[in-house]
Every structure is written in C-alpha cells, then in structure tokens.
Amino acid sequence: TTTTADSGGSSTSSTNPAPAPTPPPVPPTPCSFVNAALASKAAGLWLLNDTTTSAKDYSGNNNTATIEAGAYNVTPGPVASCPSNGGVDLGGGRVQAPASLNPATTGTALTVIGSFQVPAGGSQTGSFAIVGNSDPDLGGAGFALAIDLSSPSGTSTTVTSGSFWVGAAGGVGQAKWTQTLEPGQWYQYAGVYDGTTVSVYLNGALMGSATTSGAILASGTNVVMGSGPTGQESPRL
C-alpha cells in the first residue's frame with residue numbers, strides 16, 4: 001500500500017496488487033520418483049516391465065539382467081500410474097542379474113526392495129526367493145528375501161510367511177514373519193542389513209528382526225529374482 005499527499009494537504013492512497021502466488025511444485029509421478037530416489041543409490045534397479053529377454057537396469061550401473069525362458073510381461077503391475085506399468089510372470093523362469101552385481105552384495109550393509117503378487121488360483125507351493133543369491137541350507141553365505149507359499153485345503157496358493165536372511169561373518173541372521181496375505185494383491189517387500197541387525201518389512205511395516213555381524217559372505221552365485229538358484233516356479237514380480 002502507498003500513500004501520497006498533494007499541496008493542499010489532502011492525501012490519497014492506493015494498494016498495489018499482490019504478487020501472484022508461486023504455484024506449488026508438481027510432485028513427480030510415483031514411477032519417476034521411484035526411479036530418481038532409488039537409482040541414485042542402487043547398485044541395480046529393475047522395473048521388470050520389459051517385453052524382451054533383457055531387464056533394463058535403471059540404476060545407471062549397466063547391470064542388465066536376463067529374463068529366462070518361461071517369463072512374460074503381465075499388466076497391471078504394482079505401480080498403476082507408471083507408463084507401461086507391468087510386472088513379470090515368471091511361470092517357471094527367473095530373472096538373473098549379471099556377475100558384475102556380486103561385489104555390491106558382500107559388504108556390511110545391504111537393502112533389497114521388491115514387489116510381488118501371488119496370482120489367485122495358483123498352484124505353486126514352497127519357499128520362493130523374491131530376490132537372493134543363496135539359501136540358508138546351502139552353506140550360510142549370501143542372502144535371500146523369501147516368501148513361503150501353501151495351498152490350504154487344496155485350494156489356491158496363499159502366502160503364509162516369509163523371511164529375510166543374510167549369511168555374514170558373524171553367522172546367519174534370519175528375520176522371520178508370519179501373516180496370511182491375499183492372492184491377487186501386490187505387496188512391497190524389503191530386507192535391510194546394517195552390519196548388526198537384519199530387518200524385514202512388508203508394505204513399510206517392520207515384520208521381524210534378527211542379529212548377526214560383519215560382512216556378508218560371498219555365495220558364489222549370481223543374484224536372481226523370482227526363485228531360488230535352482231529355478232523354481234515363483235509368484236509375479
């Protein structure tokens with residue numbers, strides 16, 4: 001507001017128009033946010049919406065993975081607002097990361113994150129790795145983020161439990177959880193190791209923890225997504 005006075009002593013006032021408000025920043029779409037947030041730190045980042053036998057690595061580290069025979073693209077995937085949103089139905093196949101990723105899995109800190117869905121009406125049962133490079137029964141080296149499937153009363157497959165385990169210098173630490181999940185739903189799944197504690201999360205909620213220590217031991221096996229290293233059938237990723 002400004003005020004002026006003329007020679008006769010009278011005054012007038014006027015109000016300057018307020019500056020136009022700054023528009024709020026446009027939030028990124030969930031898929032671009034995921035790419036930007038994870039790719040800056042990740043050793044490997046695969047959206048698994050590929051339609052070829054190669055799974056692009058969005059981390060910038062050129063760890064292109066191989067989608068093995070039996071896998072095919074399926075939509076909708078876990079992030080509905082992403083362009084070309086999709087997942088991969090492995091159907092007996094698996095996604096295998098290259099050996100160049102292996103050094104990133106043997107330190108004293110590791111975080112693995114993925115999404116999975118068990119199709120309604122499925123028939124597969126057993127323990128399946130969403131991502132991992134070993135099994136706690138195979139020497140206690142490496143890591144795996146796994147789920148357990150069952151078919152209660154002979155009906156469709158249901159997720160009933162899971163775990164994240166690491167085989168480190170201080171021994172095997174396995175964080176376990178038990179909860180029945182809904183077939184046909186996408187779930188975000190994560191495992192975190194910080195050098196002393198192994199933690200497992202489902203849709204952002206802490207589900208279990210365990211302890212071990214030291215660097216993760218090399219398993220001698222490449223990281224796979226969607227199965228154990230033996231290539232068992234698995235849910236959608």
# chains A, B, ... in the order shown; residues from 1 in each chain; ligands from 1

call {"tool": "closest_atom_pairs", "arguments": {"of": "segment 101-195 of chain A", "to": "segment 216-225 of chain A", "cutoff": "7 Å", "atoms": "only C-alpha atoms", "output": "Markdown table"}}
result
| residue | atom | partner | partner_atom | distance |
| --- | --- | --- | --- | --- |
| A:Asn102 | CA | A:Asn222 | CA | 6.4 |
| A:Thr106 | CA | A:Ile216 | CA | 4.6 |
| A:Gly107 | CA | A:Ile216 | CA | 5.7 |
| A:Thr108 | CA | A:Ile216 | CA | 6.3 |
| A:Ala129 | CA | A:Met225 | CA | 6.8 |
| A:Ile130 | CA | A:Met225 | CA | 5.4 |
| A:Val131 | CA | A:Met225 | CA | 4.3 |
| A:Gly132 | CA | A:Val223 | CA | 5.3 |
| A:Asn133 | CA | A:Val223 | CA | 4.5 |
| A:Ser134 | CA | A:Ser219 | CA | 6.3 |
| A:Ala141 | CA | A:Leu217 | CA | 4.9 |
| A:Gly142 | CA | A:Ser219 | CA | 4.7 |
| A:Val166 | CA | A:Ile216 | CA | 6.6 |
| A:Gly167 | CA | A:Ile216 | CA | 5.7 |
| A:Ala168 | CA | A:Ile216 | CA | 4.0 |
| A:Ala169 | CA | A:Ile216 | CA | 6.4 |

call {"tool": "write_last_selection", "arguments": {"atoms": "N, CA, C and O atoms", "output": "PDB file, in the first residue's frame"}}
result
ATOM      1  N   ASN A 102      27.642 -58.787  -8.131  1.00  0.00           N
ATOM      2  CA  ASN A 102      28.007 -59.549  -6.935  1.00  0.00           C
ATOM      3  C   ASN A 102      28.815 -58.781  -5.895  1.00  0.00           C
ATOM      4  O   ASN A 102      28.551 -58.915  -4.689  1.00  0.00           O
ATOM      5  N   THR A 106      28.279 -58.040  -0.820  1.00  0.00           N
ATOM      6  CA  THR A 106      29.137 -58.668   0.179  1.00  0.00           C
ATOM      7  C   THR A 106      29.672 -57.687   1.211  1.00  0.00           C
ATOM      8  O   THR A 106      30.643 -57.990   1.900  1.00  0.00           O
ATOM      9  N   GLY A 107      29.066 -56.540   1.352  1.00  0.00           N
ATOM     10  CA  GLY A 107      29.516 -55.567   2.337  1.00  0.00           C
ATOM     11  C   GLY A 107      28.835 -55.746   3.677  1.00  0.00           C
ATOM     12  O   GLY A 107      28.195 -56.761   3.960  1.00  0.00           O
ATOM     13  N   THR A 108      28.935 -54.710   4.525  1.00  0.00           N
ATOM     14  CA  THR A 108      28.306 -54.747   5.845  1.00  0.00           C
ATOM     15  C   THR A 108      26.964 -54.025   5.857  1.00  0.00           C
ATOM     16  O   THR A 108      26.400 -53.805   6.934  1.00  0.00           O
ATOM     17  N   ALA A 129      12.318 -67.227  -3.424  1.00  0.00           N
ATOM     18  CA  ALA A 129      13.081 -66.001  -3.214  1.00  0.00           C
ATOM     19  C   ALA A 129      12.561 -64.911  -4.133  1.00  0.00           C
ATOM     20  O   ALA A 129      12.515 -65.089  -5.351  1.00  0.00           O
ATOM     21  N   ILE A 130      12.132 -63.803  -3.554  1.00  0.00           N
ATOM     22  CA  ILE A 130      11.815 -62.628  -4.361  1.00  0.00           C
ATOM     23  C   ILE A 130      13.103 -62.084  -4.952  1.00  0.00           C
ATOM     24  O   ILE A 130      13.169 -61.706  -6.124  1.00  0.00           O
ATOM     25  N   VAL A 131      14.154 -62.044  -4.150  1.00  0.00           N
ATOM     26  CA  VAL A 131      15.495 -61.702  -4.640  1.00  0.00           C
ATOM     27  C   VAL A 131      16.499 -62.335  -3.697  1.00  0.00           C
ATOM     28  O   VAL A 131      16.315 -62.351  -2.482  1.00  0.00           O
ATOM     29  N   GLY A 132      17.559 -62.911  -4.246  1.00  0.00           N
ATOM     30  CA  GLY A 132      18.566 -63.540  -3.401  1.00  0.00           C
ATOM     31  C   GLY A 132      19.631 -64.232  -4.217  1.00  0.00           C
ATOM     32  O   GLY A 132      19.543 -64.317  -5.451  1.00  0.00           O
ATOM     33  N   ASN A 133      20.636 -64.753  -3.519  1.00  0.00           N
ATOM     34  CA  ASN A 133      21.693 -65.489  -4.203  1.00  0.00           C
ATOM     35  C   ASN A 133      22.092 -66.771  -3.488  1.00  0.00           C
ATOM     36  O   ASN A 133      23.132 -67.354  -3.791  1.00  0.00           O
ATOM     37  N   SER A 134      21.260 -67.224  -2.537  1.00  0.00           N
ATOM     38  CA  SER A 134      21.584 -68.452  -1.837  1.00  0.00           C
ATOM     39  C   SER A 134      20.400 -68.888  -0.997  1.00  0.00           C
ATOM     40  O   SER A 134      19.305 -68.343  -1.095  1.00  0.00           O
ATOM     41  N   ALA A 141      26.034 -68.648   3.360  1.00  0.00           N
ATOM     42  CA  ALA A 141      26.642 -67.457   2.768  1.00  0.00           C
ATOM     43  C   ALA A 141      25.644 -66.835   1.802  1.00  0.00           C
ATOM     44  O   ALA A 141      24.843 -67.532   1.190  1.00  0.00           O
ATOM     45  N   GLY A 142      25.680 -65.501   1.657  1.00  0.00           N
ATOM     46  CA  GLY A 142      24.775 -64.826   0.735  1.00  0.00           C
ATOM     47  C   GLY A 142      23.564 -64.259   1.443  1.00  0.00           C
ATOM     48  O   GLY A 142      23.588 -63.974   2.644  1.00  0.00           O
ATOM     49  N   VAL A 166      20.581 -63.157   5.994  1.00  0.00           N
ATOM     50  CA  VAL A 166      21.909 -62.925   5.449  1.00  0.00           C
ATOM     51  C   VAL A 166      22.884 -63.864   6.140  1.00  0.00           C
ATOM     52  O   VAL A 166      22.775 -64.138   7.343  1.00  0.00           O
ATOM     53  N   GLY A 167      23.828 -64.382   5.371  1.00  0.00           N
ATOM     54  CA  GLY A 167      24.903 -65.185   5.919  1.00  0.00           C
ATOM     55  C   GLY A 167      26.156 -64.339   5.975  1.00  0.00           C
ATOM     56  O   GLY A 167      26.778 -64.064   4.946  1.00  0.00           O
ATOM     57  N   ALA A 168      26.500 -63.888   7.164  1.00  0.00           N
ATOM     58  CA  ALA A 168      27.610 -62.953   7.351  1.00  0.00           C
ATOM     59  C   ALA A 168      28.729 -63.612   8.163  1.00  0.00           C
ATOM     60  O   ALA A 168      28.617 -64.765   8.594  1.00  0.00           O
ATOM     61  N   ALA A 169      29.790 -62.851   8.392  1.00  0.00           N
ATOM     62  CA  ALA A 169      30.927 -63.365   9.145  1.00  0.00           C
ATOM     63  C   ALA A 169      30.508 -63.818  10.543  1.00  0.00           C
ATOM     64  O   ALA A 169      31.076 -64.766  11.095  1.00  0.00           O
TER      65      ALA A 169
END

call {"tool": "select_by_dssp", "arguments": {"residues": "segment 98-216 of chain A", "states": "helix (DSSP H, G or I)", "output": "PDB file with N, CA, C and O atoms, in the first residue's frame"}}
result
ATOM      1  N   ALA A  99      27.063 -61.133 -13.081  1.00  0.00           N
ATOM      2  CA  ALA A  99      28.096 -61.281 -12.054  1.00  0.00           C
ATOM      3  C   ALA A  99      28.656 -59.936 -11.610  1.00  0.00           C
ATOM      4  O   ALA A  99      29.178 -59.817 -10.493  1.00  0.00           O
ATOM      5  N   SER A 100      28.539 -58.903 -12.466  1.00  0.00           N
ATOM      6  CA  SER A 100      29.059 -57.582 -12.098  1.00  0.00           C
ATOM      7  C   SER A 100      28.356 -56.994 -10.883  1.00  0.00           C
ATOM      8  O   SER A 100      28.879 -56.073 -10.246  1.00  0.00           O
ATOM      9  N   LEU A 101      27.178 -57.508 -10.523  1.00  0.00           N
ATOM     10  CA  LEU A 101      26.460 -57.019  -9.340  1.00  0.00           C
ATOM     11  C   LEU A 101      27.000 -57.634  -8.057  1.00  0.00           C
ATOM     12  O   LEU A 101      26.822 -57.066  -6.976  1.00  0.00           O
ATOM     13  N   ASN A 102      27.642 -58.787  -8.131  1.00  0.00           N
ATOM     14  CA  ASN A 102      28.007 -59.549  -6.935  1.00  0.00           C
ATOM     15  C   ASN A 102      28.815 -58.781  -5.895  1.00  0.00           C
ATOM     16  O   ASN A 102      28.551 -58.915  -4.689  1.00  0.00           O
ATOM     17  N   PRO A 103      29.808 -57.952  -6.286  1.00  0.00           N
ATOM     18  CA  PRO A 103      30.563 -57.239  -5.244  1.00  0.00           C
ATOM     19  C   PRO A 103      29.703 -56.336  -4.363  1.00  0.00           C
ATOM     20  O   PRO A 103      30.057 -56.092  -3.207  1.00  0.00           O
ATOM     21  N   ALA A 104      28.573 -55.866  -4.882  1.00  0.00           N
ATOM     22  CA  ALA A 104      27.708 -54.978  -4.100  1.00  0.00           C
ATOM     23  C   ALA A 104      26.923 -55.728  -3.034  1.00  0.00           C
ATOM     24  O   ALA A 104      26.261 -55.098  -2.201  1.00  0.00           O
ATOM     25  N   THR A 105      26.990 -57.060  -3.036  1.00  0.00           N
ATOM     26  CA  THR A 105      26.191 -57.855  -2.097  1.00  0.00           C
ATOM     27  C   THR A 105      27.022 -58.451  -0.968  1.00  0.00           C
ATOM     28  O   THR A 105      26.508 -59.273  -0.210  1.00  0.00           O
ATOM     29  N   PRO A 152      -3.881 -74.124   1.340  1.00  0.00           N
ATOM     30  CA  PRO A 152      -4.724 -74.665   2.411  1.00  0.00           C
ATOM     31  C   PRO A 152      -5.930 -75.409   1.863  1.00  0.00           C
ATOM     32  O   PRO A 152      -6.612 -74.934   0.959  1.00  0.00           O
ATOM     33  N   SER A 153      -6.140 -76.604   2.388  1.00  0.00           N
ATOM     34  CA  SER A 153      -7.285 -77.433   1.988  1.00  0.00           C
ATOM     35  C   SER A 153      -7.312 -77.696   0.491  1.00  0.00           C
ATOM     36  O   SER A 153      -8.377 -77.917  -0.099  1.00  0.00           O
ATOM     37  N   GLY A 154      -6.140 -77.636  -0.141  1.00  0.00           N
ATOM     38  CA  GLY A 154      -6.073 -77.925  -1.566  1.00  0.00           C
ATOM     39  C   GLY A 154      -6.609 -76.824  -2.453  1.00  0.00           C
ATOM     40  O   GLY A 154      -6.813 -77.040  -3.651  1.00  0.00           O
TER      41      GLY A 154
END

call {"tool": "residues_around", "arguments": {"residues": "segment 158-161 of chain A", "least_positions_apart": "6", "cutoff": "6 Å", "atoms": "only C-alpha atoms", "output": "ChimeraX atom specification"}}
result
/A:147-150,177-181

call {"tool": "atom_distance", "arguments": {"atom1": "atom CA of Thr211 of chain A", "atom2": "atom CA of Asn63 of chain A"}}
result
29.9 Å

call {"tool": "residues_around", "arguments": {"residues": "Ala175 of chain A", "least_positions_apart": "4", "cutoff": "12 Å", "atoms": "only C-alpha atoms", "output": "list in words"}}
result
Phe143, Ala144, Leu145, Ala146, Ile147, Ser161, Gly162, Ser163, Phe164, Trp165, Val166, Gly167, Ala190, Gly191, Val192, Tyr193, Thr197, Val198, Ser199, Val200, Tyr201, Leu206, Met207, Gly208, Ser209, Ala210, Thr211 and Thr212 of chain A

call {"tool": "atom_distance", "arguments": {"atom1": "atom CA of Glu182 of chain A", "atom2": "atom CA of Gly226 of chain A"}}
result
18.4 Å

call {"tool": "decode", "arguments": {"residues": "segment 130-193 of chain A", "atoms": "C-alpha atoms", "output": "CSV table (one decimal), in the first residue's frame"}}
result
chain,number,residue,atom,x,y,z
A,130,ILE,CA,11.8,-62.6,-4.4
A,131,VAL,CA,15.5,-61.7,-4.6
A,132,GLY,CA,18.6,-63.5,-3.4
A,133,ASN,CA,21.7,-65.5,-4.2
A,134,SER,CA,21.6,-68.5,-1.8
A,135,ASP,CA,19.7,-70.4,0.7
A,136,PRO,CA,20.4,-70.7,4.5
A,137,ASP,CA,20.7,-74.5,4.0
A,138,LEU,CA,23.5,-74.1,1.3
A,139,GLY,CA,26.4,-73.1,3.5
A,140,GLY,CA,25.2,-70.0,5.2
A,141,ALA,CA,26.6,-67.5,2.8
A,142,GLY,CA,24.8,-64.8,0.7
A,143,PHE,CA,21.3,-63.5,1.3
A,144,ALA,CA,17.6,-64.0,0.3
A,145,LEU,CA,14.3,-62.2,0.7
A,146,ALA,CA,11.8,-65.0,0.5
A,147,ILE,CA,8.1,-65.9,0.9
A,148,ASP,CA,6.5,-69.2,1.8
A,149,LEU,CA,3.5,-70.5,-0.2
A,150,SER,CA,0.9,-73.0,0.8
A,151,SER,CA,-2.4,-74.3,-0.6
A,152,PRO,CA,-4.7,-74.7,2.4
A,153,SER,CA,-7.3,-77.4,2.0
A,154,GLY,CA,-6.1,-77.9,-1.6
A,155,THR,CA,-7.4,-74.5,-2.7
A,156,SER,CA,-5.5,-71.6,-4.3
A,157,THR,CA,-2.0,-70.6,-3.2
A,158,THR,CA,-1.6,-68.3,-0.2
A,159,VAL,CA,1.4,-66.5,1.2
A,160,THR,CA,1.6,-67.5,4.9
A,161,SER,CA,5.1,-66.4,6.0
A,162,GLY,CA,8.4,-65.2,4.8
A,163,SER,CA,11.9,-64.0,5.9
A,164,PHE,CA,15.0,-62.0,5.1
A,165,TRP,CA,18.2,-63.7,5.9
A,166,VAL,CA,21.9,-62.9,5.4
A,167,GLY,CA,24.9,-65.2,5.9
A,168,ALA,CA,27.6,-63.0,7.4
A,169,ALA,CA,30.9,-63.4,9.1
A,170,GLY,CA,29.0,-63.5,12.5
A,171,GLY,CA,26.7,-66.3,11.3
A,172,VAL,CA,23.3,-66.5,9.7
A,173,GLY,CA,20.7,-63.8,10.8
A,174,GLN,CA,17.2,-64.6,9.7
A,175,ALA,CA,14.3,-62.2,10.3
A,176,LYS,CA,11.0,-64.1,10.0
A,177,TRP,CA,7.3,-63.2,9.9
A,178,THR,CA,4.0,-65.0,9.7
A,179,GLN,CA,0.9,-63.5,8.2
A,180,THR,CA,-1.7,-64.6,5.6
A,181,LEU,CA,-1.7,-62.4,2.5
A,182,GLU,CA,-4.4,-62.0,-0.1
A,183,PRO,CA,-3.8,-63.7,-3.5
A,184,GLY,CA,-4.0,-61.2,-6.4
A,185,GLN,CA,-2.7,-58.2,-4.4
A,186,TRP,CA,0.6,-56.5,-4.9
A,187,TYR,CA,2.8,-56.2,-1.9
A,188,GLN,CA,6.0,-54.2,-1.4
A,189,TYR,CA,8.7,-56.3,0.4
A,190,ALA,CA,12.0,-55.2,1.7
A,191,GLY,CA,15.0,-56.5,3.6
A,192,VAL,CA,17.6,-54.4,5.4
A,193,TYR,CA,21.0,-55.4,6.9
